[in-house]
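Colleague: Let me begin by handing over the structure; questions about it come next.
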Amino acid sequence: MSEIALLTARAEQSETEIKHLEEEIKRLQDPQRMLADGIISPELDKLRTENAKLNYQINHLKRSLAAETQRKPKNMLSIGIIVEELFGRALRCAYPDLDNIPVMIQGSSKFADYQCNSAMVIAAKLKSQGVKVPPKEIAQNIVACLPESEYFSKVEAAPNGFINIDLNKNFVSEQISSLLQKGPTPPNVGIQKRIVVDFSSPNIAKEMHVGHLRSTIIGESLCRLLEWVGHDVLRLNHLGDWGTQFGMLIAHLKDKFPNYLSVSPPIKDLQAFYKESKVRFDEDEAFKKRAYEAVVKLQNGDEAHRKGWNLICDVSRKEFQKVYQRLGVSIVERGESFYQPLMGAIVKELEENGHLVLEDGRKVMYIPGAAAPLTVVKSDGGFTYATSDLTAIKQRLKVEKGDWLLYVVDAGQNLHLQSIYDAGVMAGWYDPKQVRVEHVMFGVVLGEDKKKFKTRSGEVVRLVDLLDEGVKRAEMKLMEKGRDKELTKEEMKKAMEAVAYGCIKYNDLSHNRNHEYVFSFDRMLDDRGNTAAYLLYAYTRIRSIARTAQVSPEQLTDAATKTKIVLDHPKEWKLAKCLLRFPEVILKCLDDLLIHTLCDFLYEVATTFSEFYDNCYCIEKDKSGKIVKVDMSRILLCEATASVIGAGFHILSITPVDKM
């Protein structure tokens with residue numbers, strides 16, 4: 001239940017108690033009524049005491065009710081949710097006999113700030129029951145049942161049955177002041193959840209490539225969103241650090257660096273090392289045999305083979321960390337090897353509960369509705385990816401106490417993951433009505449030829465090369481604008497990296513993750529349109545306005561508490577209403593986990609601000625360029641805009657800079 005709903009419920013309860021107590025006082029003050037009620041010999045002192053107590057209680061309740069009404073919540077109010085809840089109450093009040101009436105609220109239209117379209121649905125329901133009522137009459141009945149509130153300046157039923165809702169300017173002005181004083185705060189999302197997010201997940205001994213880009217960027221942004229609203233998030237990197245390929249790598253390591261146990265091998269290019277071992281594995285039968293023997297020794301815990309495995313993993317970890325550091329990604333390693341010691345117990349549990357079937361020497365688990373069963377144990381007794389994933393989901397549910405599990409994995413894994421989730425339900429590990437377990441899927445990255453993004457030679461694009469190219473192109477773009485002559489070397493480096501990494505992230509996140517998208521440096525570095533380059537320039541420009549007006553941070557802080565935000569100009573009003581939609585956007589992102597909605601909103605904020613700034617002077621100067629007037633209300637509106645964009649940047653993992 002939201003904050004406004006709780007306040008409403010408390011207020012209604014208090015009003016009921018007040019009425020009851022007022023009736024009791026009247027009864028005590030009326031001897032004839034008391035006699036009629038069977039009180040024959042009242043003891044006056046006792047009654048006076050009781051009367052005083054009741055008066056105290058009623059005054060206390062009235063004070064409590066006033067305090068609840070005036071209490072300012074610590075979370076940003078979602079105006080859309082407030083509108084929905086107030087109209088939901090009005091609908092139930094006006095038509096208590098109708099069940100499941102949808103509260104149909106539409107955002108800003110050319111007629112009003114919000115619009116309620118439920119009257120037509122009610123008219124259709126009543127008509128099906130043989131009762132004909134015009135939609136306008138229904139709309140008028142709904143409006144009549146609306147409680148008085150500070151939120152609206154006008155609510156009226158249109159002839160066609162739509163209810164037009166105009167927000168109260170004083171209320172919006174107060175909300176902007178609150179935003180300035182407290183900063184953008186998350187909407188109320190109720191009880192804190194323990195959320196486990198599985199993302200990125202590259203393979204040891206292979207370099208991160210463009211295929212890891214989406215999982216890493218989307219996963220980081222979702223984690224930031226969930227943490228920002230107050231959830232407890234465990235970020236997990238399900239590394240591919242186990243399997244038969246490690247026998248091949250260790251056998252090659254022993255041949256190439258026989259003294260690896262005492263001298264750390266100088267492996268600089270692990271990808272090349274992997275390719276060398278793969279060629280030998282495919283062409284040399286004796287080597288292949290030794291590779292299989294090495295796997296067995298590794299799995300049996302042989303110390304020398306464990307050390308070789310750790311050496312290979314460490315080389316990969318260092319390379320992965322370089323990429324994560326550049327992208328601002330924070331993640332906890334929890335590779336497949338972590339779950340190896342736990343797999344035997346999972347197989348035993350599934351077997352004992354009758355979930356496994358022996359088929360062609362394999363132990364499989366049939367999932368209703370799935371095209372094929374899960375192979376849990378191979379015919380040679382080895383475990384599979386399914387065994388690892390089943391072990392992982394149980395560990396995350398039972399040991400990590402996850403209330404919500406997210407797997408940020410490409411769409412190609414959908415059928416496999418759905419089978420894992422269904423298997424978890426079959427095994428009794430979780431109830432899908434209580435625990436949210438879902439696949440946050442995404443489409444592939446395409447090149448400008450609309451095919452899978454690859455190098456000219458047909459190889460997968462390394463992520464390091466992609467980031468380097470981004471920085472190089474960002475530098476060229478900044479130099480075209482002459483920024484290298486205006487910025488220091490350190491400022492230029494910060495700007496290059498902010499633009500490059502910000503544009504790569506935003507270009508990914510601004511697309512619906514369920515779709516494929518074309519990767520184009522030219523498009524993403526364009527400072528016109530819905531790009532990070534445009535937003536970063538806009539943010540830097542907005543932040544500079546107060547400096548240009550020679551208003552210090554201390555003066556801004558003081559003005560935020562003392563200056564009323566004036567919203568008389570249509571562009572001021574439009575911008576203020578746009579900023580206050582931020583909590584609604586956050587709630588929508590939490591619901592469907594589609595981050596592009598936030599990107600679209602930030603672009604709307606930036607373009608709406610541009611309209612405001614072009615039409616509303618914040619600073620007036622004389623002919624000599626001297627400042628003669630500063631409109632503090634508008635300067636504060638600029639600061640409110642920057643703070644909302646800044647909060648959005650944080651969620652998107654984009655780092656703004658002071659100078660660009």
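Labeling convention for the structure tokens: chains A, B, ... as they appear, residues from 1 per chain, ligands from 1 in order of appearance.
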Using only C-alpha atoms, determine which residues lie at most 6 Å from Ala532 (chain A), disregarding the query and same-chain residues fewer than 5 positions distant; provide the list as a ChimeraX atom specification.

Modeller: /A:502-503,506

Colleague: Keeping only N, CA, C and O atoms, write those residues as a PDB file, in the first residue's frame.

Modeller:
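New file selection.pdb:
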```pdb
ATOM      1  N   GLY A 502      29.922   6.771 -21.758  1.00  0.00           N
ATOM      2  CA  GLY A 502      28.517   7.148 -21.593  1.00  0.00           C
ATOM      3  C   GLY A 502      27.716   6.864 -22.851  1.00  0.00           C
ATOM      4  O   GLY A 502      26.590   6.364 -22.793  1.00  0.00           O
ATOM      5  N   CYS A 503      28.296   7.171 -24.015  1.00  0.00           N
ATOM      6  CA  CYS A 503      27.587   6.957 -25.283  1.00  0.00           C
ATOM      7  C   CYS A 503      27.390   5.475 -25.580  1.00  0.00           C
ATOM      8  O   CYS A 503      26.332   5.068 -26.064  1.00  0.00           O
ATOM      9  N   TYR A 506      24.638   4.322 -23.074  1.00  0.00           N
ATOM     10  CA  TYR A 506      23.324   4.904 -23.365  1.00  0.00           C
ATOM     11  C   TYR A 506      22.766   4.353 -24.676  1.00  0.00           C
ATOM     12  O   TYR A 506      21.563   4.111 -24.803  1.00  0.00           O
TER      13      TYR A 506
END
```

Colleague: Residues at most 12 Å from Ser118 (chain A), counting only C-alpha atoms, excluding those fewer than 4 positions away in the same chain, as a PyMOL selection string?

Modeller: chain A and resi 84+87-88+90-92+94-95+100-106+122-125+135-136+138-143+157+160-164

Colleague: Which residue out of A:Asp484, A:Glu319, A:Asp614, A:Asp410 has the minimum interatomic distance to Lys571 (chain A) when only C-alpha atoms are used?

Modeller: A:Asp614

Colleague: May I have the residues within 12 Å of Phe171 (chain A) as a JSON list (two decimals) with all heavy atoms, in the first residue's frame, using only C-alpha atoms and disregarding those fewer than 2 positions away in the same chain?

Modeller:
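The resulting file, part.json, is reproduced below:
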```
[["chain", "number", "residue", "atom", "x", "y", "z"],
["A", 77, "LEU", "N", 6.82, 11.85, -4.16],
["A", 77, "LEU", "CA", 5.46, 11.40, -4.45],
["A", 77, "LEU", "C", 5.31, 11.11, -5.93],
["A", 77, "LEU", "O", 5.77, 11.88, -6.78],
["A", 77, "LEU", "CB", 4.45, 12.48, -4.06],
["A", 77, "LEU", "CG", 4.27, 12.77, -2.56],
["A", 77, "LEU", "CD1", 3.34, 13.95, -2.37],
["A", 77, "LEU", "CD2", 3.71, 11.55, -1.83],
["A", 79, "ILE", "N", 2.85, 11.36, -8.59],
["A", 79, "ILE", "CA", 1.56, 12.01, -8.80],
["A", 79, "ILE", "C", 0.61, 11.09, -9.56],
["A", 79, "ILE", "O", -0.59, 11.04, -9.28],
["A", 79, "ILE", "CB", 1.75, 13.36, -9.54],
["A", 79, "ILE", "CG1", 2.57, 14.30, -8.66],
["A", 79, "ILE", "CG2", 0.40, 14.00, -9.87],
["A", 79, "ILE", "CD1", 2.95, 15.60, -9.31],
["A", 149, "SER", "N", -8.87, 17.62, -2.14],
["A", 149, "SER", "CA", -7.43, 17.40, -2.01],
["A", 149, "SER", "C", -6.66, 18.63, -2.46],
["A", 149, "SER", "O", -7.19, 19.49, -3.18],
["A", 149, "SER", "CB", -7.00, 16.19, -2.84],
["A", 149, "SER", "OG", -6.92, 16.53, -4.20],
["A", 150, "GLU", "N", -5.41, 18.67, -2.04],
["A", 150, "GLU", "CA", -4.52, 19.78, -2.41],
["A", 150, "GLU", "C", -3.91, 19.58, -3.79],
["A", 150, "GLU", "O", -3.25, 20.47, -4.32],
["A", 150, "GLU", "CB", -3.38, 19.86, -1.38],
["A", 150, "GLU", "CG", -2.53, 18.60, -1.37],
["A", 150, "GLU", "CD", -1.33, 18.67, -0.43],
["A", 150, "GLU", "OE1", -0.74, 19.76, -0.30],
["A", 150, "GLU", "OE2", -1.01, 17.63, 0.16],
["A", 151, "TYR", "N", -4.14, 18.40, -4.38],
["A", 151, "TYR", "CA", -3.41, 18.04, -5.59],
["A", 151, "TYR", "C", -3.97, 18.67, -6.87],
["A", 151, "TYR", "O", -3.22, 18.91, -7.81],
["A", 151, "TYR", "CB", -3.41, 16.51, -5.77],
["A", 151, "TYR", "CG", -2.97, 15.76, -4.54],
["A", 151, "TYR", "CD1", -3.83, 14.86, -3.91],
["A", 151, "TYR", "CD2", -1.71, 15.96, -4.00],
["A", 151, "TYR", "CE1", -3.43, 14.18, -2.77],
["A", 151, "TYR", "CE2", -1.30, 15.29, -2.87],
["A", 151, "TYR", "CZ", -2.17, 14.40, -2.25],
["A", 151, "TYR", "OH", -1.77, 13.73, -1.12],
["A", 152, "PHE", "N", -5.29, 18.92, -6.90],
["A", 152, "PHE", "CA", -5.92, 19.36, -8.15],
["A", 152, "PHE", "C", -6.47, 20.78, -8.05],
["A", 152, "PHE", "O", -7.00, 21.18, -7.02],
["A", 152, "PHE", "CB", -7.07, 18.41, -8.54],
["A", 152, "PHE", "CG", -6.72, 16.95, -8.44],
["A", 152, "PHE", "CD1", -7.58, 16.05, -7.82],
["A", 152, "PHE", "CD2", -5.53, 16.47, -8.97],
["A", 152, "PHE", "CE1", -7.26, 14.70, -7.73],
["A", 152, "PHE", "CE2", -5.20, 15.13, -8.88],
["A", 152, "PHE", "CZ", -6.07, 14.24, -8.25],
["A", 153, "SER", "N", -6.36, 21.51, -9.15],
["A", 153, "SER", "CA", -6.99, 22.84, -9.21],
["A", 153, "SER", "C", -8.36, 22.74, -9.86],
["A", 153, "SER", "O", -9.27, 23.52, -9.57],
["A", 153, "SER", "CB", -6.11, 23.81, -10.01],
["A", 153, "SER", "OG", -5.97, 23.37, -11.35],
["A", 166, "ASP", "N", -6.68, 18.84, -13.78],
["A", 166, "ASP", "CA", -5.60, 19.83, -13.79],
["A", 166, "ASP", "C", -4.94, 19.86, -12.41],
["A", 166, "ASP", "O", -5.63, 19.91, -11.38],
["A", 166, "ASP", "CB", -6.14, 21.22, -14.12],
["A", 166, "ASP", "CG", -6.52, 21.35, -15.58],
["A", 166, "ASP", "OD1", -5.95, 20.60, -16.40],
["A", 166, "ASP", "OD2", -7.39, 22.18, -15.91],
["A", 167, "LEU", "N", -3.61, 19.83, -12.40],
["A", 167, "LEU", "CA", -2.87, 19.86, -11.14],
["A", 167, "LEU", "C", -2.87, 21.27, -10.55],
["A", 167, "LEU", "O", -2.94, 22.27, -11.27],
["A", 167, "LEU", "CB", -1.43, 19.40, -11.36],
["A", 167, "LEU", "CG", -1.25, 17.93, -11.75],
["A", 167, "LEU", "CD1", 0.22, 17.65, -12.06],
["A", 167, "LEU", "CD2", -1.74, 16.99, -10.66],
["A", 168, "ASN", "N", -2.75, 21.31, -9.23],
["A", 168, "ASN", "CA", -2.70, 22.57, -8.49],
["A", 168, "ASN", "C", -1.27, 23.13, -8.57],
["A", 168, "ASN", "O", -0.31, 22.45, -8.20],
["A", 168, "ASN", "CB", -3.09, 22.29, -7.03],
["A", 168, "ASN", "CG", -3.14, 23.55, -6.20],
["A", 168, "ASN", "OD1", -2.46, 24.53, -6.49],
["A", 168, "ASN", "ND2", -3.95, 23.52, -5.16],
["A", 169, "LYS", "N", -1.13, 24.37, -9.03],
["A", 169, "LYS", "CA", 0.21, 24.95, -9.19],
["A", 169, "LYS", "C", 0.95, 25.07, -7.86],
["A", 169, "LYS", "O", 2.17, 24.89, -7.80],
["A", 169, "LYS", "CB", 0.12, 26.32, -9.87],
["A", 169, "LYS", "CG", 0.00, 26.22, -11.37],
["A", 169, "LYS", "CD", 0.16, 27.56, -12.05],
["A", 169, "LYS", "CE", 0.01, 27.37, -13.57],
["A", 169, "LYS", "NZ", 0.06, 28.66, -14.29],
["A", 173, "SER", "N", 4.53, 23.47, -7.17],
["A", 173, "SER", "CA", 5.61, 24.36, -6.72],
["A", 173, "SER", "C", 6.24, 23.82, -5.43],
["A", 173, "SER", "O", 7.47, 23.80, -5.29],
["A", 173, "SER", "CB", 5.06, 25.76, -6.49],
["A", 173, "SER", "OG", 6.03, 26.59, -5.91],
["A", 174, "GLU", "N", 5.41, 23.37, -4.50],
["A", 174, "GLU", "CA", 5.91, 22.80, -3.23],
["A", 174, "GLU", "C", 6.72, 21.53, -3.47],
["A", 174, "GLU", "O", 7.74, 21.29, -2.81],
["A", 174, "GLU", "CB", 4.74, 22.50, -2.29],
["A", 174, "GLU", "CG", 4.11, 23.73, -1.67],
["A", 174, "GLU", "CD", 2.80, 23.42, -0.97],
["A", 174, "GLU", "OE1", 2.46, 22.22, -0.85],
["A", 174, "GLU", "OE2", 2.10, 24.37, -0.56],
["A", 175, "GLN", "N", 6.29, 20.72, -4.44],
["A", 175, "GLN", "CA", 7.01, 19.48, -4.74],
["A", 175, "GLN", "C", 8.39, 19.78, -5.35],
["A", 175, "GLN", "O", 9.37, 19.09, -5.06],
["A", 175, "GLN", "CB", 6.19, 18.59, -5.68],
["A", 175, "GLN", "CG", 4.92, 18.03, -5.07],
["A", 175, "GLN", "CD", 5.19, 17.29, -3.77],
["A", 175, "GLN", "OE1", 5.98, 16.35, -3.73],
["A", 175, "GLN", "NE2", 4.54, 17.70, -2.70],
["A", 176, "ILE", "N", 8.46, 20.82, -6.19],
["A", 176, "ILE", "CA", 9.76, 21.22, -6.75],
["A", 176, "ILE", "C", 10.68, 21.72, -5.64],
["A", 176, "ILE", "O", 11.88, 21.42, -5.60],
["A", 176, "ILE", "CB", 9.59, 22.28, -7.85],
["A", 176, "ILE", "CG1", 8.83, 21.71, -9.06],
["A", 176, "ILE", "CG2", 10.94, 22.83, -8.29],
["A", 176, "ILE", "CD1", 9.54, 20.63, -9.83],
["A", 177, "SER", "N", 10.11, 22.49, -4.69],
["A", 177, "SER", "CA", 10.91, 22.97, -3.55],
["A", 177, "SER", "C", 11.43, 21.81, -2.73],
["A", 177, "SER", "O", 12.59, 21.79, -2.29],
["A", 177, "SER", "CB", 10.05, 23.90, -2.66],
["A", 177, "SER", "OG", 9.75, 25.09, -3.34],
["A", 178, "SER", "N", 10.57, 20.80, -2.51],
["A", 178, "SER", "CA", 10.98, 19.60, -1.78],
["A", 178, "SER", "C", 12.10, 18.86, -2.52],
["A", 178, "SER", "O", 13.07, 18.39, -1.91],
["A", 178, "SER", "CB", 9.77, 18.68, -1.59],
["A", 178, "SER", "OG", 10.15, 17.47, -0.96],
["A", 564, "LYS", "N", 9.98, 30.88, -3.31],
["A", 564, "LYS", "CA", 8.84, 30.16, -3.89],
["A", 564, "LYS", "C", 9.11, 29.94, -5.38],
["A", 564, "LYS", "O", 9.55, 30.85, -6.08],
["A", 564, "LYS", "CB", 7.56, 30.96, -3.70],
["A", 564, "LYS", "CG", 6.31, 30.29, -4.29],
["A", 564, "LYS", "CD", 5.07, 31.13, -4.05],
["A", 564, "LYS", "CE", 3.86, 30.60, -4.81],
["A", 564, "LYS", "NZ", 3.46, 29.25, -4.42],
["A", 565, "ILE", "N", 8.83, 28.73, -5.85],
["A", 565, "ILE", "CA", 9.00, 28.42, -7.26],
["A", 565, "ILE", "C", 7.78, 28.94, -8.02],
["A", 565, "ILE", "O", 6.66, 28.49, -7.81],
["A", 565, "ILE", "CB", 9.17, 26.91, -7.50],
["A", 565, "ILE", "CG1", 10.33, 26.35, -6.67],
["A", 565, "ILE", "CG2", 9.36, 26.60, -8.97],
["A", 565, "ILE", "CD1", 11.68, 26.97, -6.98],
["A", 566, "VAL", "N", 8.01, 29.91, -8.87],
["A", 566, "VAL", "CA", 6.93, 30.53, -9.64],
["A", 566, "VAL", "C", 6.76, 29.78, -10.96],
["A", 566, "VAL", "O", 7.73, 29.54, -11.68],
["A", 566, "VAL", "CB", 7.25, 32.02, -9.91],
["A", 566, "VAL", "CG1", 6.13, 32.66, -10.73],
["A", 566, "VAL", "CG2", 7.45, 32.77, -8.60],
["A", 567, "LEU", "N", 5.52, 29.44, -11.27],
["A", 567, "LEU", "CA", 5.24, 28.62, -12.46],
["A", 567, "LEU", "C", 4.19, 29.30, -13.34],
["A", 567, "LEU", "O", 3.28, 28.66, -13.87],
["A", 567, "LEU", "CB", 4.77, 27.23, -12.04],
["A", 567, "LEU", "CG", 5.75, 26.44, -11.14],
["A", 567, "LEU", "CD1", 5.10, 25.18, -10.62],
["A", 567, "LEU", "CD2", 7.04, 26.13, -11.89],
["A", 573, "TRP", "N", 5.79, 25.90, -16.22],
["A", 573, "TRP", "CA", 4.78, 24.94, -15.77],
["A", 573, "TRP", "C", 5.02, 23.56, -16.42],
["A", 573, "TRP", "O", 4.98, 22.52, -15.75],
["A", 573, "TRP", "CB", 3.40, 25.49, -16.13],
["A", 573, "TRP", "CG", 2.20, 24.67, -15.78],
["A", 573, "TRP", "CD1", 1.18, 24.34, -16.61],
["A", 573, "TRP", "CD2", 1.85, 24.11, -14.51],
["A", 573, "TRP", "NE1", 0.23, 23.60, -15.96],
["A", 573, "TRP", "CE2", 0.62, 23.44, -14.66],
["A", 573, "TRP", "CE3", 2.47, 24.09, -13.26],
["A", 573, "TRP", "CZ2", -0.01, 22.77, -13.62],
["A", 573, "TRP", "CZ3", 1.84, 23.43, -12.21],
["A", 573, "TRP", "CH2", 0.63, 22.77, -12.39],
["A", 576, "ALA", "N", 8.21, 21.92, -14.85],
["A", 576, "ALA", "CA", 7.99, 21.46, -13.46],
["A", 576, "ALA", "C", 7.19, 20.16, -13.45],
["A", 576, "ALA", "O", 7.53, 19.20, -12.74],
["A", 576, "ALA", "CB", 7.27, 22.53, -12.66],
["A", 577, "LYS", "N", 6.12, 20.09, -14.25],
["A", 577, "LYS", "CA", 5.30, 18.87, -14.31],
["A", 577, "LYS", "C", 6.10, 17.70, -14.86],
["A", 577, "LYS", "O", 5.96, 16.56, -14.41],
["A", 577, "LYS", "CB", 4.05, 19.11, -15.17],
["A", 577, "LYS", "CG", 3.02, 20.02, -14.53],
["A", 577, "LYS", "CD", 1.74, 20.07, -15.36],
["A", 577, "LYS", "CE", 1.96, 20.72, -16.70],
["A", 577, "LYS", "NZ", 0.73, 20.79, -17.51],
["A", 580, "LEU", "N", 8.39, 16.17, -12.19],
["A", 580, "LEU", "CA", 7.69, 15.42, -11.15],
["A", 580, "LEU", "C", 7.18, 14.06, -11.63],
["A", 580, "LEU", "O", 6.65, 13.29, -10.84],
["A", 580, "LEU", "CB", 6.54, 16.25, -10.58],
["A", 580, "LEU", "CG", 6.95, 17.51, -9.82],
["A", 580, "LEU", "CD1", 5.75, 18.17, -9.17],
["A", 580, "LEU", "CD2", 8.03, 17.22, -8.77]]
```

Colleague: May I ask for the distance between CA of Thr216 (chain A) and CA of Pro202 (chain A), given in Å to one decimal place?

Modeller: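 It comes out at 9.5 Å.
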
Colleague: Using DSSP on the backbone, list every residue of region 371-555 of chain A that comes out as helix (DSSP H, G or I), and give them as a CSV table (one decimal) with C-alpha atoms, in the first residue's frame.

Modeller:
```csv
chain,number,residue,atom,x,y,z
A,385,TYR,CA,25.2,-26.9,-17.3
A,386,ALA,CA,21.7,-27.8,-16.2
A,387,THR,CA,23.1,-29.4,-13.0
A,388,SER,CA,25.1,-26.2,-12.4
A,389,ASP,CA,22.1,-24.0,-13.0
A,390,LEU,CA,19.8,-26.1,-10.8
A,391,THR,CA,22.4,-26.0,-8.0
A,392,ALA,CA,22.8,-22.2,-8.4
A,393,ILE,CA,19.1,-21.4,-8.3
A,394,LYS,CA,18.6,-23.4,-5.1
A,395,GLN,CA,21.6,-21.8,-3.5
A,396,ARG,CA,20.4,-18.3,-4.4
A,397,LEU,CA,16.9,-19.1,-3.0
A,398,LYS,CA,17.8,-21.0,0.2
A,399,VAL,CA,21.3,-19.8,1.2
A,411,ALA,CA,17.3,-14.3,-25.5
A,412,GLY,CA,18.8,-17.5,-26.9
A,413,GLN,CA,18.9,-19.0,-23.4
A,414,ASN,CA,15.2,-18.4,-22.8
A,415,LEU,CA,13.9,-22.0,-23.2
A,416,HIS,CA,16.8,-23.5,-21.1
A,417,LEU,CA,16.3,-20.9,-18.3
A,418,GLN,CA,12.5,-21.4,-18.3
A,419,SER,CA,13.1,-25.1,-17.8
A,420,ILE,CA,15.4,-24.4,-14.8
A,421,TYR,CA,12.8,-22.1,-13.2
A,422,ASP,CA,10.1,-24.7,-13.7
A,423,ALA,CA,12.3,-27.4,-12.3
A,424,GLY,CA,12.8,-25.2,-9.2
A,425,VAL,CA,9.1,-25.0,-8.7
A,426,MET,CA,8.7,-28.7,-9.2
A,463,LEU,CA,35.3,-5.3,-25.7
A,464,VAL,CA,38.6,-3.6,-25.0
A,465,ASP,CA,39.0,-2.7,-28.6
A,466,LEU,CA,35.5,-1.3,-28.7
A,467,LEU,CA,36.1,0.9,-25.7
A,468,ASP,CA,39.4,2.1,-27.1
A,469,GLU,CA,37.8,3.0,-30.4
A,470,GLY,CA,35.1,4.9,-28.5
A,471,VAL,CA,37.6,7.0,-26.6
A,472,LYS,CA,39.5,7.7,-29.8
A,473,ARG,CA,36.4,8.9,-31.6
A,474,ALA,CA,35.2,10.9,-28.6
A,475,GLU,CA,38.6,12.7,-28.6
A,476,MET,CA,38.2,13.5,-32.3
A,477,LYS,CA,34.7,14.8,-31.7
A,478,LEU,CA,35.8,17.1,-28.9
A,479,MET,CA,38.8,18.4,-30.9
A,480,GLU,CA,36.4,19.2,-33.8
A,483,ARG,CA,37.6,21.6,-26.6
A,484,ASP,CA,41.3,20.7,-26.5
A,485,LYS,CA,42.1,24.4,-26.6
A,486,GLU,CA,39.7,25.2,-23.7
A,489,LYS,CA,44.8,17.8,-20.3
A,490,GLU,CA,43.1,16.1,-17.2
A,491,GLU,CA,39.7,17.7,-18.1
A,492,MET,CA,40.1,16.6,-21.7
A,493,LYS,CA,40.8,13.0,-20.6
A,494,LYS,CA,37.7,13.0,-18.3
A,495,ALA,CA,35.5,14.4,-21.0
A,496,MET,CA,36.7,11.9,-23.6
A,497,GLU,CA,36.1,8.9,-21.3
A,498,ALA,CA,32.7,10.3,-20.1
A,499,VAL,CA,31.5,10.8,-23.6
A,500,ALA,CA,32.9,7.5,-25.0
A,501,TYR,CA,31.7,5.2,-22.2
A,502,GLY,CA,28.5,7.1,-21.6
A,503,CYS,CA,27.6,7.0,-25.3
A,504,ILE,CA,28.3,3.2,-25.5
A,505,LYS,CA,26.1,2.5,-22.4
A,506,TYR,CA,23.3,4.9,-23.4
A,507,ASN,CA,23.2,3.6,-26.9
A,508,ASP,CA,22.5,0.1,-25.5
A,509,LEU,CA,20.1,1.1,-22.7
A,521,PHE,CA,29.7,5.2,-33.3
A,522,ASP,CA,28.7,8.0,-35.6
A,523,ARG,CA,25.1,7.9,-34.4
A,524,MET,CA,25.9,7.5,-30.7
A,532,ALA,CA,24.3,10.4,-24.3
A,533,ALA,CA,26.4,13.1,-26.0
A,534,TYR,CA,23.4,15.4,-26.2
A,535,LEU,CA,22.4,14.7,-22.6
A,536,LEU,CA,25.9,15.2,-21.2
A,537,TYR,CA,26.2,18.5,-23.0
A,538,ALA,CA,22.8,19.6,-21.8
A,539,TYR,CA,23.6,18.6,-18.2
A,540,THR,CA,27.0,20.5,-18.2
A,541,ARG,CA,25.2,23.5,-19.7
A,542,ILE,CA,22.5,23.5,-17.1
A,543,ARG,CA,25.0,23.2,-14.2
A,544,SER,CA,26.9,26.2,-15.6
A,545,ILE,CA,23.9,28.5,-15.4
A,546,ALA,CA,24.1,29.2,-11.7
A,547,ARG,CA,27.9,29.9,-12.1
A,548,THR,CA,27.2,32.3,-14.9
A,553,PRO,CA,26.2,26.7,-3.9
A,554,GLU,CA,25.5,28.2,-0.5
A,555,GLN,CA,23.2,30.8,-1.9
```

Colleague: At what distance in Å, to one decimal, does CA of Gly211 (chain A) lie from CA of Ile654 (chain A)?

Modeller: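 Straight-line distance from CA of Ile654 (chain A) to CA of Gly211 (chain A) works out to 20.6 Å.
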
Colleague: Could you please determine the separation between CA of Leu358 (chain A) and CA of Ala371 (chain A) in Å, to one decimal place?

Modeller: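 These atoms are spaced 17.8 Å apart.
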
Colleague: Skip Phe582 (chain A) itself and residues of its chain fewer than 3 positions away, then list as number ranges by chain all residues within 10 Å of it, counting only C-alpha atoms.

Modeller: A: 76-79, 184-187, 577-579, 585-587, 598, 601-602, 605, 644-645, 647-648

Colleague: Atoms to include: C-alpha atoms. Write the selected residues as a compact mmCIF listing (two decimals), in the first residue's frame.

Modeller:
```txt
# COMPACT_ATOMS: atom_id res chain seq x y z
CA MET A 76 9.19 11.56 -3.82
CA LEU A 77 5.46 11.40 -4.45
CA SER A 78 4.32 9.70 -7.61
CA ILE A 79 1.56 12.01 -8.80
CA PRO A 184 15.58 13.35 -6.07
CA THR A 185 14.49 10.57 -3.70
CA PRO A 186 13.08 7.20 -4.80
CA PRO A 187 9.35 6.53 -4.71
CA LYS A 577 5.30 18.87 -14.31
CA CYS A 578 7.79 16.92 -16.43
CA LEU A 579 10.33 16.73 -13.57
CA VAL A 585 9.10 6.47 -14.62
CA ILE A 586 11.13 4.71 -11.91
CA LEU A 587 8.11 2.63 -10.86
CA LEU A 598 14.19 6.12 -18.27
CA PHE A 601 12.25 10.42 -20.01
CA LEU A 602 15.70 12.03 -19.58
CA VAL A 605 13.45 16.47 -19.63
CA VAL A 644 16.82 14.82 -11.90
CA ILE A 645 19.10 14.25 -14.91
CA ALA A 647 19.90 10.91 -10.65
CA GLY A 648 19.04 9.33 -14.01
```
